[in-house]
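Quick notes on the structure that follows.
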Amino acid sequence: MMRRGGIAIRAEGVSKLYRIGAPARAYRTLREALVDAAAAPFERLRGRARAAEADTRFWALRDVSFEIAEGEIVGVVGRNGAGKSTLLKILSRITDPTEGRATLEGRVASLLEVGTGFHPELTGRENIFLNGAILGMRRADIAKRFDAIVDFAEIERFIDTPVKHYSSGMYVRLAFAVAAHLEPDILVVDEVLAVGDARFQQKCLGKIDEVSRKGGRTVLLVSHNLAAVKSLATSGLVFDRGRLVLQGSVDDAIAAYGRLQQDGGADEAEHDWGAGAHTRIRSVEMIGDDGPTRVYLPGTPLRLRIILDTDGTPGLSVDVFLANAQRARIALWSLSHFDAMSLPAEPGCYELTIEAAPIHLASGQYCIDVATAVTMVNWDHQVYEALAFETPFSNVGGGSWDFKQSFGFGFVALPSTTPPKLARLDERRA
Amino acid sequence: MSPMDERASASMRDDARRPITIIEARPGWRLYDFREAFAYRELLYVLAARDLKLRYKQTALGAAWALLQPLTMMIVLSIVFGRLAGLPSDGAPYPVFALAGLLPWTFFANVAPTAGASLVASSNIVTKVYFPRLLIPLSTAGAPLVDLAISALLLFAVMAWNGVGLRWSQLAAPFFVLGVVITALGVGVLLSALTVAYRDFRHVVPFLIQFWMFASPVAYPVSLVPTEWRWLYFLNPMAGMIDGFRHALIGSPPDISGVVISGASALAIFCLGVAYFARVERGFADIV
């Protein structure tokens, strides 16, 4: 009998501590390790080690506890850096928690990326076996499901062609097909639904739905695609800054996530983004008519408030990048290059207020990267996605047509400054 | 791992068979859980088979490469050390002597650096999916083992050519090959974990292997090493394994105490490698 009300996943006080700083310093050279080891006793004497350590430590997850019943499809939502991906990495055993424990009952498969381990030189057939084995399937299981996988991926004719000759669509379909035929008790999925064409995505969502409903399997799903979460999930977990803020129905979870996105609230003013060698960006806010906001209305001045520390090095610049939903940078604001200014040569904490000219952004999601730089030399402190905001509706001239970023027509509307003139030419030509 | 065959067909599921996974912070030094690695043995074959396929997929000469490398080295060593330097070869024809040393050495010199670089090279997998990470360096021995088997044919041909026939003592050769595999994997596993933590090991390894070759009886016989220093010499596990392998093929008795010291040293290196690997493996995904 299938156990009803059984607990598939139990998390008790799970926490994960990361040391941040420049990502390039995650691994060390031997020399650094030796120098650090030699310097450690002296540092401790001076009491500096702790202060420096506290500065670069960051709780990606803090004291997270929950239980997920067997057969549930749980949507995990939260903003960037909320800890969703860290949770999935812990549950799929890729990284250990720093504290706490998680107990999973049943065979677990995680899908943090489709096509993990695919090799371009190998054929579709070889990659199915390779990828299946990496995801934890046995050869006999893969062989049994082989035809179903090929059929699902719609690549029969190319099964013995090296995947480097595949189109990206075929590649993704094959990778998905293997994943969809994993039949674990617990499936952990991260954002992988974001790739592939819409029709195939739908097919995959349907497959996940079928697998979990018929098989009584538990699915943990991270996605920014709220429509997918809403249609698939039976319950939700909402994370914010490493903490679990809500466990409940999927509608409650989406509503809570929406509120988190809306309020750029005061409690969110301070982040821990690490620091550069000379500066530390503390917070970035968008300012609307009534204070901080996460909504930008096209054609209004773009106002930002940046709080940062500087050690007084002369000539430091601040650059602000506007990036679209695909994180491609589409606009630049620069303190040094455009305003011929730099940060004061006096150490301290400063507030930088910016008002940029109105832009007619297409509707959709945007984010802002902020970086400090030793002008023309190198970046100092870079914060990607320091601020995410939304332009809810975009039209020029009050029409009802919404110029959406997702149309692929561009990101900025070009409104006329004077009414366009139309003059008939054929008479004059004649 | 519970078999999925019954599961997939039947809607009734056997709860008693469900594995329980507990995930928590693990202490520093601990014994390696080989049962889990054993449960994933199929993946080991799949990874080794992948390497083998890739190796021969786009090479015009295919398996001939496995023969060319030791063959050319044998010719060079025979000319330089056998003829010009006139090094002794324990009574065997020098080409046989050289090739019998080159085969195990080539395996070691291929596997140890490849295994050492394997974790960093597989970072895209390590950060995306879990399986016992030890399989990654271990699987790198697969393709070189096949090469070794192919080049063994060359060895037998060269032996026949030089009038060294079949002997009962040759049945001992596989045990020395096993010792070489253990040594190469022990060093490779240790290097793979060190390379993740300290990237400079990538630069250390080629130098280390070159140095190691001079410390091993590849081109010269053990008999050239002063007797009172042999115990130290045999702490290099490759010394006892190459010497043992060579004597087994030629049919002369090896230095038994040397074989014992080298065998113990090989096991010690392997255990150290795995223990260090187990200690640092939980952090791989965070730094690789």
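Starting from 1 in every chain, residues are counted up; chains themselves are A, B, ... following the order of the structure tokens, and ligands are numbered from 1 as listed.
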
Can you list every residue of chain B that has an atom at most 7 Å from chain A, with its nearest atom pair and the distance in Å to one decimal, using only C-alpha atoms, ordered by chain then number, as JSON lines?
```
{"residue": "B:Met12", "atom": "CA", "partner": "A:Met1", "partner_atom": "CA", "distance": 5.4}
{"residue": "B:Arg13", "atom": "CA", "partner": "A:Met2", "partner_atom": "CA", "distance": 6.1}
{"residue": "B:Arg18", "atom": "CA", "partner": "A:Gly106", "partner_atom": "CA", "distance": 4.8}
{"residue": "B:Pro19", "atom": "CA", "partner": "A:Gly106", "partner_atom": "CA", "distance": 5.1}
{"residue": "B:Ile20", "atom": "CA", "partner": "A:Glu105", "partner_atom": "CA", "distance": 4.6}
{"residue": "B:Thr21", "atom": "CA", "partner": "A:Leu104", "partner_atom": "CA", "distance": 5.0}
{"residue": "B:Ile22", "atom": "CA", "partner": "A:Thr103", "partner_atom": "CA", "distance": 4.5}
{"residue": "B:Ile23", "atom": "CA", "partner": "A:Ala102", "partner_atom": "CA", "distance": 5.0}
{"residue": "B:Glu24", "atom": "CA", "partner": "A:Arg101", "partner_atom": "CA", "distance": 4.5}
{"residue": "B:Ala25", "atom": "CA", "partner": "A:Pro97", "partner_atom": "CA", "distance": 5.4}
{"residue": "B:Leu43", "atom": "CA", "partner": "A:Ala133", "partner_atom": "CA", "distance": 5.5}
{"residue": "B:Val46", "atom": "CA", "partner": "A:Leu130", "partner_atom": "CA", "distance": 6.2}
{"residue": "B:Ile125", "atom": "CA", "partner": "A:Gly117", "partner_atom": "CA", "distance": 5.8}
{"residue": "B:Thr127", "atom": "CA", "partner": "A:Ile94", "partner_atom": "CA", "distance": 6.4}
{"residue": "B:Lys128", "atom": "CA", "partner": "A:Leu112", "partner_atom": "CA", "distance": 5.6}
{"residue": "B:Val129", "atom": "CA", "partner": "A:Ile94", "partner_atom": "CA", "distance": 6.2}
{"residue": "B:Tyr130", "atom": "CA", "partner": "A:Ile94", "partner_atom": "CA", "distance": 5.2}
{"residue": "B:Ala197", "atom": "CA", "partner": "A:Tyr27", "partner_atom": "CA", "distance": 5.6}
{"residue": "B:Tyr198", "atom": "CA", "partner": "A:Thr29", "partner_atom": "CA", "distance": 4.9}
{"residue": "B:Arg199", "atom": "CA", "partner": "A:Thr29", "partner_atom": "CA", "distance": 5.9}
{"residue": "B:Asp200", "atom": "CA", "partner": "A:Thr29", "partner_atom": "CA", "distance": 5.9}
{"residue": "B:Arg282", "atom": "CA", "partner": "A:Asp96", "partner_atom": "CA", "distance": 6.1}
{"residue": "B:Gly283", "atom": "CA", "partner": "A:Thr95", "partner_atom": "CA", "distance": 6.6}
{"residue": "B:Ala285", "atom": "CA", "partner": "A:Thr95", "partner_atom": "CA", "distance": 6.0}
{"residue": "B:Asp286", "atom": "CA", "partner": "A:Thr95", "partner_atom": "CA", "distance": 6.9}
{"residue": "B:Ile287", "atom": "CA", "partner": "A:Ala26", "partner_atom": "CA", "distance": 5.4}
```

Shell around segment 62-69 of chain B at 7 Å using only C-alpha atoms, local window under 5 positions removed, as a short mmCIF file (atom, residue, chain, number, x, y, z; two decimals) with N, CA and C atoms, in the first residue's frame:
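And here's out-v4.cif as it stands now:
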```
data_model
loop_
_atom_site.label_atom_id
_atom_site.label_comp_id
_atom_site.auth_asym_id
_atom_site.auth_seq_id
_atom_site.Cartn_x
_atom_site.Cartn_y
_atom_site.Cartn_z
N TYR B 56 39.04 7.16 -28.86
CA TYR B 56 39.24 6.60 -30.19
C TYR B 56 38.30 7.17 -31.23
N ASP B 147 44.50 0.30 -22.96
CA ASP B 147 45.77 0.56 -23.65
C ASP B 147 46.85 -0.42 -23.18
N ILE B 150 46.40 -3.74 -24.73
CA ILE B 150 46.83 -3.75 -26.13
C ILE B 150 48.35 -3.77 -26.22
N SER B 151 49.00 -2.95 -25.38
CA SER B 151 50.46 -2.89 -25.49
C SER B 151 51.11 -4.14 -24.92
N LEU B 154 52.14 -6.16 -27.72
CA LEU B 154 53.43 -5.71 -28.26
C LEU B 154 54.57 -6.31 -27.44
#
```

**OP:** Considering only C-alpha atoms, return as number ranges by chain whatever protein or nucleic-acid residues lie within 12 Å of Ala141 of chain B, sequence-local ones (same chain, fewer than 4 positions apart) excluded.
**Re:** B: 44-45, 47-52, 106-116, 118, 135-137, 145-148, 178, 180-189

With N, CA and C atoms kept, could you save the residues just selected as a compact mmCIF listing (two decimals), in the first residue's frame?
```txt
# COMPACT_ATOMS: atom_id res chain seq x y z
N LEU B 44 30.61 3.85 -12.82
CA LEU B 44 32.06 3.74 -13.02
C LEU B 44 32.34 3.19 -14.42
N TYR B 45 31.60 2.13 -14.80
CA TYR B 45 31.82 1.55 -16.13
C TYR B 45 31.42 2.55 -17.21
N LEU B 47 31.38 5.81 -17.12
CA LEU B 47 32.36 6.90 -17.24
C LEU B 47 33.64 6.41 -17.93
N ALA B 48 34.07 5.21 -17.57
CA ALA B 48 35.28 4.66 -18.20
C ALA B 48 35.02 4.40 -19.68
N ALA B 49 33.83 3.88 -19.99
CA ALA B 49 33.50 3.60 -21.39
C ALA B 49 33.43 4.90 -22.19
N ARG B 50 32.93 5.97 -21.55
CA ARG B 50 32.88 7.26 -22.22
C ARG B 50 34.29 7.71 -22.61
N ASP B 51 35.21 7.61 -21.65
CA ASP B 51 36.58 8.03 -21.93
C ASP B 51 37.20 7.23 -23.07
N LEU B 52 36.89 5.92 -23.05
CA LEU B 52 37.45 5.05 -24.08
C LEU B 52 36.90 5.41 -25.46
N THR B 106 54.05 3.73 -18.21
CA THR B 106 53.17 4.51 -19.08
C THR B 106 51.76 4.57 -18.50
N PHE B 107 51.31 3.43 -17.97
CA PHE B 107 49.99 3.41 -17.34
C PHE B 107 49.95 4.42 -16.19
N PHE B 108 50.94 4.34 -15.33
CA PHE B 108 50.98 5.25 -14.17
C PHE B 108 51.04 6.70 -14.63
N ALA B 109 51.92 6.97 -15.62
CA ALA B 109 52.12 8.36 -16.05
C ALA B 109 50.91 8.90 -16.80
N ASN B 110 50.04 7.99 -17.30
CA ASN B 110 48.80 8.45 -17.93
C ASN B 110 47.72 8.67 -16.89
N VAL B 111 47.60 7.71 -15.97
CA VAL B 111 46.46 7.73 -15.04
C VAL B 111 46.61 8.81 -13.97
N ALA B 112 47.77 8.88 -13.33
CA ALA B 112 47.89 9.78 -12.18
C ALA B 112 47.54 11.24 -12.54
N PRO B 113 48.11 11.80 -13.62
CA PRO B 113 47.74 13.19 -13.95
C PRO B 113 46.30 13.34 -14.43
N THR B 114 45.81 12.36 -15.21
CA THR B 114 44.43 12.46 -15.69
C THR B 114 43.45 12.40 -14.52
N ALA B 115 43.70 11.46 -13.62
CA ALA B 115 42.84 11.36 -12.43
C ALA B 115 42.96 12.65 -11.62
N GLY B 116 44.17 13.16 -11.53
CA GLY B 116 44.38 14.38 -10.75
C GLY B 116 43.59 15.55 -11.28
N SER B 118 40.86 15.25 -13.07
CA SER B 118 39.51 14.83 -13.45
C SER B 118 38.39 15.59 -12.74
N LEU B 135 34.22 8.19 -7.86
CA LEU B 135 34.13 7.49 -9.14
C LEU B 135 34.81 8.27 -10.26
N ILE B 136 34.83 9.59 -10.13
CA ILE B 136 35.41 10.41 -11.22
C ILE B 136 36.90 10.11 -11.39
N PRO B 137 37.73 10.25 -10.34
CA PRO B 137 39.13 9.87 -10.55
C PRO B 137 39.32 8.38 -10.81
N LEU B 145 43.81 1.19 -18.94
CA LEU B 145 43.90 -0.27 -18.74
C LEU B 145 43.75 -0.99 -20.07
N VAL B 146 42.84 -0.50 -20.90
CA VAL B 146 42.67 -1.11 -22.22
C VAL B 146 43.94 -0.91 -23.05
N ASP B 147 44.50 0.30 -22.96
CA ASP B 147 45.77 0.56 -23.65
C ASP B 147 46.85 -0.42 -23.18
N LEU B 148 46.88 -0.64 -21.87
CA LEU B 148 47.88 -1.54 -21.30
C LEU B 148 47.71 -2.95 -21.86
N LEU B 178 48.12 -4.98 -10.79
CA LEU B 178 47.16 -4.51 -9.79
C LEU B 178 47.83 -3.50 -8.85
N VAL B 180 50.27 -1.56 -9.56
CA VAL B 180 50.46 -0.31 -10.31
C VAL B 180 49.14 0.46 -10.36
N VAL B 181 48.04 -0.26 -10.58
CA VAL B 181 46.72 0.39 -10.64
C VAL B 181 46.42 1.07 -9.31
N ILE B 182 46.68 0.35 -8.21
CA ILE B 182 46.42 0.91 -6.88
C ILE B 182 47.27 2.15 -6.64
N THR B 183 48.54 2.06 -7.04
CA THR B 183 49.44 3.21 -6.85
C THR B 183 48.95 4.41 -7.67
N ALA B 184 48.67 4.16 -8.96
CA ALA B 184 48.27 5.25 -9.85
C ALA B 184 46.98 5.89 -9.35
N LEU B 185 46.02 5.06 -8.92
CA LEU B 185 44.75 5.62 -8.45
C LEU B 185 44.92 6.33 -7.11
N GLY B 186 45.76 5.77 -6.25
CA GLY B 186 46.00 6.42 -4.96
C GLY B 186 46.57 7.81 -5.16
N VAL B 187 47.58 7.90 -6.00
CA VAL B 187 48.20 9.20 -6.29
C VAL B 187 47.18 10.10 -7.00
N GLY B 188 46.45 9.53 -7.97
CA GLY B 188 45.48 10.31 -8.73
C GLY B 188 44.36 10.86 -7.87
N VAL B 189 43.85 10.04 -6.96
CA VAL B 189 42.76 10.47 -6.08
C VAL B 189 43.24 11.60 -5.17
```

_Could you go through segment 107-345 of chain A and tell me which residues DSSP, when run on the backbone, assigns to strand (DSSP E or B), listing them as a count of residues only?_
66

Can you pull out every residue within 8 Å of segment 155-168 of chain B, counting only C-alpha atoms, but drop anything in the same chain fewer than 2 positions away, and send it as a PDB file with N, CA and C atoms, in the first residue's frame?
```
ATOM      1  N   PRO B  93      67.383  -9.255 -22.669  1.00  0.00           N
ATOM      2  CA  PRO B  93      67.675  -8.349 -23.788  1.00  0.00           C
ATOM      3  C   PRO B  93      67.154  -6.956 -23.438  1.00  0.00           C
ATOM      4  N   PRO B  95      65.753  -4.395 -25.041  1.00  0.00           N
ATOM      5  CA  PRO B  95      64.407  -3.988 -25.473  1.00  0.00           C
ATOM      6  C   PRO B  95      63.296  -4.606 -24.607  1.00  0.00           C
ATOM      7  N   VAL B  96      63.452  -5.892 -24.257  1.00  0.00           N
ATOM      8  CA  VAL B  96      62.464  -6.546 -23.398  1.00  0.00           C
ATOM      9  C   VAL B  96      62.472  -5.884 -22.025  1.00  0.00           C
ATOM     10  N   LEU B  99      60.830  -2.383 -22.318  1.00  0.00           N
ATOM     11  CA  LEU B  99      59.392  -2.416 -22.546  1.00  0.00           C
ATOM     12  C   LEU B  99      58.643  -2.902 -21.306  1.00  0.00           C
ATOM     13  N   ALA B 100      59.248  -3.891 -20.604  1.00  0.00           N
ATOM     14  CA  ALA B 100      58.610  -4.419 -19.396  1.00  0.00           C
ATOM     15  C   ALA B 100      58.540  -3.340 -18.319  1.00  0.00           C
ATOM     16  N   SER B 151      48.998  -2.946 -25.384  1.00  0.00           N
ATOM     17  CA  SER B 151      50.459  -2.885 -25.487  1.00  0.00           C
ATOM     18  C   SER B 151      51.107  -4.139 -24.917  1.00  0.00           C
ATOM     19  N   ALA B 152      50.352  -4.913 -24.117  1.00  0.00           N
ATOM     20  CA  ALA B 152      50.896  -6.188 -23.638  1.00  0.00           C
ATOM     21  C   ALA B 152      51.138  -7.121 -24.823  1.00  0.00           C
ATOM     22  N   LEU B 153      50.285  -6.982 -25.861  1.00  0.00           N
ATOM     23  CA  LEU B 153      50.490  -7.796 -27.069  1.00  0.00           C
ATOM     24  C   LEU B 153      51.850  -7.463 -27.697  1.00  0.00           C
ATOM     25  N   GLN B 170      55.242 -15.824 -15.216  1.00  0.00           N
ATOM     26  CA  GLN B 170      54.499 -14.726 -15.828  1.00  0.00           C
ATOM     27  C   GLN B 170      53.082 -14.623 -15.282  1.00  0.00           C
ATOM     28  N   LEU B 171      52.593 -15.693 -14.645  1.00  0.00           N
ATOM     29  CA  LEU B 171      51.256 -15.633 -14.034  1.00  0.00           C
ATOM     30  C   LEU B 171      51.225 -14.637 -12.885  1.00  0.00           C
ATOM     31  N   LEU B 249      58.079 -11.467 -15.792  1.00  0.00           N
ATOM     32  CA  LEU B 249      58.072 -11.747 -17.228  1.00  0.00           C
ATOM     33  C   LEU B 249      59.337 -12.472 -17.675  1.00  0.00           C
ATOM     34  N   ILE B 250      60.472 -12.015 -17.131  1.00  0.00           N
ATOM     35  CA  ILE B 250      61.739 -12.600 -17.553  1.00  0.00           C
ATOM     36  C   ILE B 250      61.963 -13.961 -16.904  1.00  0.00           C
ATOM     37  N   GLY B 251      61.384 -14.133 -15.721  1.00  0.00           N
ATOM     38  CA  GLY B 251      61.495 -15.423 -15.053  1.00  0.00           C
ATOM     39  C   GLY B 251      62.579 -15.468 -14.005  1.00  0.00           C
TER      40      GLY B 251
END
```

Quick one: DSSP alpha helix (DSSP H) residues in segment 299-405 of chain A, as a PDB file with N, CA, C and O atoms, in the first residue's frame?
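Result file is result.pdb:
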```pdb
ATOM      1  N   LEU A 335      29.240  57.656 -13.275  1.00  0.00           N
ATOM      2  CA  LEU A 335      29.607  58.852 -12.515  1.00  0.00           C
ATOM      3  C   LEU A 335      30.822  59.532 -13.138  1.00  0.00           C
ATOM      4  O   LEU A 335      30.837  60.749 -13.317  1.00  0.00           O
ATOM      5  N   SER A 336      31.826  58.750 -13.491  1.00  0.00           N
ATOM      6  CA  SER A 336      33.053  59.363 -13.987  1.00  0.00           C
ATOM      7  C   SER A 336      32.956  59.735 -15.464  1.00  0.00           C
ATOM      8  O   SER A 336      33.351  60.819 -15.858  1.00  0.00           O
ATOM      9  N   HIS A 337      32.398  58.826 -16.281  1.00  0.00           N
ATOM     10  CA  HIS A 337      32.418  59.076 -17.710  1.00  0.00           C
ATOM     11  C   HIS A 337      31.372  60.090 -18.160  1.00  0.00           C
ATOM     12  O   HIS A 337      31.593  60.842 -19.091  1.00  0.00           O
ATOM     13  N   PHE A 338      30.195  60.084 -17.519  1.00  0.00           N
ATOM     14  CA  PHE A 338      29.124  60.962 -17.983  1.00  0.00           C
ATOM     15  C   PHE A 338      29.015  62.241 -17.152  1.00  0.00           C
ATOM     16  O   PHE A 338      28.556  63.261 -17.635  1.00  0.00           O
ATOM     17  N   ASP A 339      29.378  62.161 -15.872  1.00  0.00           N
ATOM     18  CA  ASP A 339      29.235  63.335 -15.028  1.00  0.00           C
ATOM     19  C   ASP A 339      30.574  63.908 -14.582  1.00  0.00           C
ATOM     20  O   ASP A 339      30.607  64.875 -13.826  1.00  0.00           O
TER      21      ASP A 339
END
```

Q) Got a sec: who's within 9 Å of segment 252-261 of chain B, counting only C-alpha atoms, leaving out chain neighbours fewer than 3 positions off, as a ChimeraX atom specification? A) /B:90,169,222,230-231,233-237,239-241,243-249,264-266

Can those selected residues be exported to a file as an mmCIF file, in the first residue's frame so that it contains C-alpha atoms?
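What landed in part33.cif:
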```
data_model
loop_
_atom_site.group_PDB
_atom_site.id
_atom_site.type_symbol
_atom_site.label_atom_id
_atom_site.label_comp_id
_atom_site.auth_asym_id
_atom_site.auth_seq_id
_atom_site.Cartn_x
_atom_site.Cartn_y
_atom_site.Cartn_z
ATOM 1 C CA ASP B 90 69.404 -7.895 -15.409
ATOM 2 C CA SER B 169 56.348 -16.925 -13.347
ATOM 3 C CA VAL B 222 67.247 -1.948 -9.399
ATOM 4 C CA ARG B 230 67.134 -0.190 -1.353
ATOM 5 C CA TRP B 231 64.583 -0.011 1.497
ATOM 6 C CA TYR B 233 64.152 3.210 -2.834
ATOM 7 C CA PHE B 234 61.311 0.709 -2.529
ATOM 8 C CA LEU B 235 59.181 3.144 -0.551
ATOM 9 C CA ASN B 236 58.414 4.362 -4.048
ATOM 10 C CA PRO B 237 55.707 1.790 -4.818
ATOM 11 C CA ALA B 239 59.930 0.667 -7.862
ATOM 12 C CA GLY B 240 58.786 -2.656 -6.431
ATOM 13 C CA MET B 241 55.901 -3.019 -8.888
ATOM 14 C CA ASP B 243 60.790 -4.563 -10.733
ATOM 15 C CA GLY B 244 58.372 -7.352 -9.808
ATOM 16 C CA PHE B 245 56.531 -7.116 -13.129
ATOM 17 C CA ARG B 246 59.772 -7.248 -15.079
ATOM 18 C CA HIS B 247 61.182 -10.217 -13.162
ATOM 19 C CA ALA B 248 57.901 -12.109 -13.456
ATOM 20 C CA LEU B 249 58.072 -11.747 -17.228
ATOM 21 C CA ALA B 264 52.633 -1.734 1.629
ATOM 22 C CA SER B 265 53.588 1.704 0.382
ATOM 23 C CA ALA B 266 51.088 1.443 -2.520
#
```

As a list of chain:residue names, please: the residues near Ala193 of chain B (cut-off 9 Å, only C-alpha atoms, same-chain neighbours under 6 positions excluded). B:Gly116, B:Leu119, B:Gly273, B:Tyr276, B:Phe277, B:Ala278, B:Val280, B:Glu281, B:Phe284

Saved selection, atoms kept: all heavy atoms, as a PDB file, in the first residue's frame:
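Wrote it out as part-v2.pdb, contents follow:
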```pdb
ATOM      1  N   GLY B 116      44.175  13.158 -11.526  1.00  0.00           N
ATOM      2  CA  GLY B 116      44.382  14.378 -10.747  1.00  0.00           C
ATOM      3  C   GLY B 116      43.591  15.552 -11.276  1.00  0.00           C
ATOM      4  O   GLY B 116      43.047  16.347 -10.521  1.00  0.00           O
ATOM      5  N   LEU B 119      38.583  15.875 -11.455  1.00  0.00           N
ATOM      6  CA  LEU B 119      37.492  16.534 -10.720  1.00  0.00           C
ATOM      7  C   LEU B 119      37.251  17.939 -11.241  1.00  0.00           C
ATOM      8  O   LEU B 119      36.110  18.351 -11.456  1.00  0.00           O
ATOM      9  CB  LEU B 119      37.830  16.616  -9.232  1.00  0.00           C
ATOM     10  CG  LEU B 119      37.389  15.454  -8.368  1.00  0.00           C
ATOM     11  CD1 LEU B 119      37.798  15.726  -6.938  1.00  0.00           C
ATOM     12  CD2 LEU B 119      35.894  15.247  -8.446  1.00  0.00           C
ATOM     13  N   GLY B 273      45.143   8.723   0.038  1.00  0.00           N
ATOM     14  CA  GLY B 273      44.432   9.451  -1.014  1.00  0.00           C
ATOM     15  C   GLY B 273      42.934   9.444  -0.781  1.00  0.00           C
ATOM     16  O   GLY B 273      42.273  10.489  -0.818  1.00  0.00           O
ATOM     17  N   TYR B 276      41.933  11.482   2.407  1.00  0.00           N
ATOM     18  CA  TYR B 276      41.962  12.932   2.192  1.00  0.00           C
ATOM     19  C   TYR B 276      40.800  13.351   1.298  1.00  0.00           C
ATOM     20  O   TYR B 276      40.144  14.364   1.526  1.00  0.00           O
ATOM     21  CB  TYR B 276      43.299  13.347   1.559  1.00  0.00           C
ATOM     22  CG  TYR B 276      43.387  14.836   1.328  1.00  0.00           C
ATOM     23  CD1 TYR B 276      43.485  15.706   2.404  1.00  0.00           C
ATOM     24  CD2 TYR B 276      43.304  15.370   0.054  1.00  0.00           C
ATOM     25  CE1 TYR B 276      43.528  17.082   2.207  1.00  0.00           C
ATOM     26  CE2 TYR B 276      43.352  16.739  -0.154  1.00  0.00           C
ATOM     27  CZ  TYR B 276      43.469  17.585   0.924  1.00  0.00           C
ATOM     28  OH  TYR B 276      43.493  18.934   0.721  1.00  0.00           O
ATOM     29  N   PHE B 277      40.537  12.525   0.292  1.00  0.00           N
ATOM     30  CA  PHE B 277      39.428  12.790  -0.619  1.00  0.00           C
ATOM     31  C   PHE B 277      38.105  12.856   0.156  1.00  0.00           C
ATOM     32  O   PHE B 277      37.314  13.781   0.000  1.00  0.00           O
ATOM     33  CB  PHE B 277      39.370  11.675  -1.660  1.00  0.00           C
ATOM     34  CG  PHE B 277      38.467  11.952  -2.823  1.00  0.00           C
ATOM     35  CD1 PHE B 277      38.970  12.500  -3.982  1.00  0.00           C
ATOM     36  CD2 PHE B 277      37.109  11.649  -2.766  1.00  0.00           C
ATOM     37  CE1 PHE B 277      38.149  12.752  -5.065  1.00  0.00           C
ATOM     38  CE2 PHE B 277      36.283  11.903  -3.840  1.00  0.00           C
ATOM     39  CZ  PHE B 277      36.796  12.454  -4.995  1.00  0.00           C
ATOM     40  N   ALA B 278      37.904  11.861   1.021  1.00  0.00           N
ATOM     41  CA  ALA B 278      36.660  11.804   1.796  1.00  0.00           C
ATOM     42  C   ALA B 278      36.528  13.025   2.700  1.00  0.00           C
ATOM     43  O   ALA B 278      35.434  13.537   2.923  1.00  0.00           O
ATOM     44  CB  ALA B 278      36.626  10.527   2.637  1.00  0.00           C
ATOM     45  N   VAL B 280      37.675  16.086   2.165  1.00  0.00           N
ATOM     46  CA  VAL B 280      37.404  17.356   1.494  1.00  0.00           C
ATOM     47  C   VAL B 280      36.271  17.275   0.477  1.00  0.00           C
ATOM     48  O   VAL B 280      35.825  18.292  -0.020  1.00  0.00           O
ATOM     49  CB  VAL B 280      38.677  17.918   0.805  1.00  0.00           C
ATOM     50  CG1 VAL B 280      39.739  18.228   1.839  1.00  0.00           C
ATOM     51  CG2 VAL B 280      39.205  16.968  -0.231  1.00  0.00           C
ATOM     52  N   GLU B 281      35.764  16.067   0.196  1.00  0.00           N
ATOM     53  CA  GLU B 281      34.798  15.931  -0.906  1.00  0.00           C
ATOM     54  C   GLU B 281      33.512  16.713  -0.652  1.00  0.00           C
ATOM     55  O   GLU B 281      32.913  17.231  -1.584  1.00  0.00           O
ATOM     56  CB  GLU B 281      34.512  14.450  -1.176  1.00  0.00           C
ATOM     57  CG  GLU B 281      33.162  13.946  -0.796  1.00  0.00           C
ATOM     58  CD  GLU B 281      32.944  12.478  -1.123  1.00  0.00           C
ATOM     59  OE1 GLU B 281      32.852  12.166  -2.305  1.00  0.00           O
ATOM     60  OE2 GLU B 281      32.846  11.657  -0.206  1.00  0.00           O
ATOM     61  N   PHE B 284      33.604  20.094  -2.286  1.00  0.00           N
ATOM     62  CA  PHE B 284      33.972  20.243  -3.704  1.00  0.00           C
ATOM     63  C   PHE B 284      33.036  21.173  -4.463  1.00  0.00           C
ATOM     64  O   PHE B 284      33.472  22.055  -5.186  1.00  0.00           O
ATOM     65  CB  PHE B 284      33.973  18.887  -4.406  1.00  0.00           C
ATOM     66  CG  PHE B 284      35.165  18.043  -4.091  1.00  0.00           C
ATOM     67  CD1 PHE B 284      35.168  16.699  -4.372  1.00  0.00           C
ATOM     68  CD2 PHE B 284      36.294  18.609  -3.506  1.00  0.00           C
ATOM     69  CE1 PHE B 284      36.262  15.900  -4.086  1.00  0.00           C
ATOM     70  CE2 PHE B 284      37.399  17.828  -3.207  1.00  0.00           C
ATOM     71  CZ  PHE B 284      37.378  16.467  -3.502  1.00  0.00           C
TER      72      PHE B 284
END
```
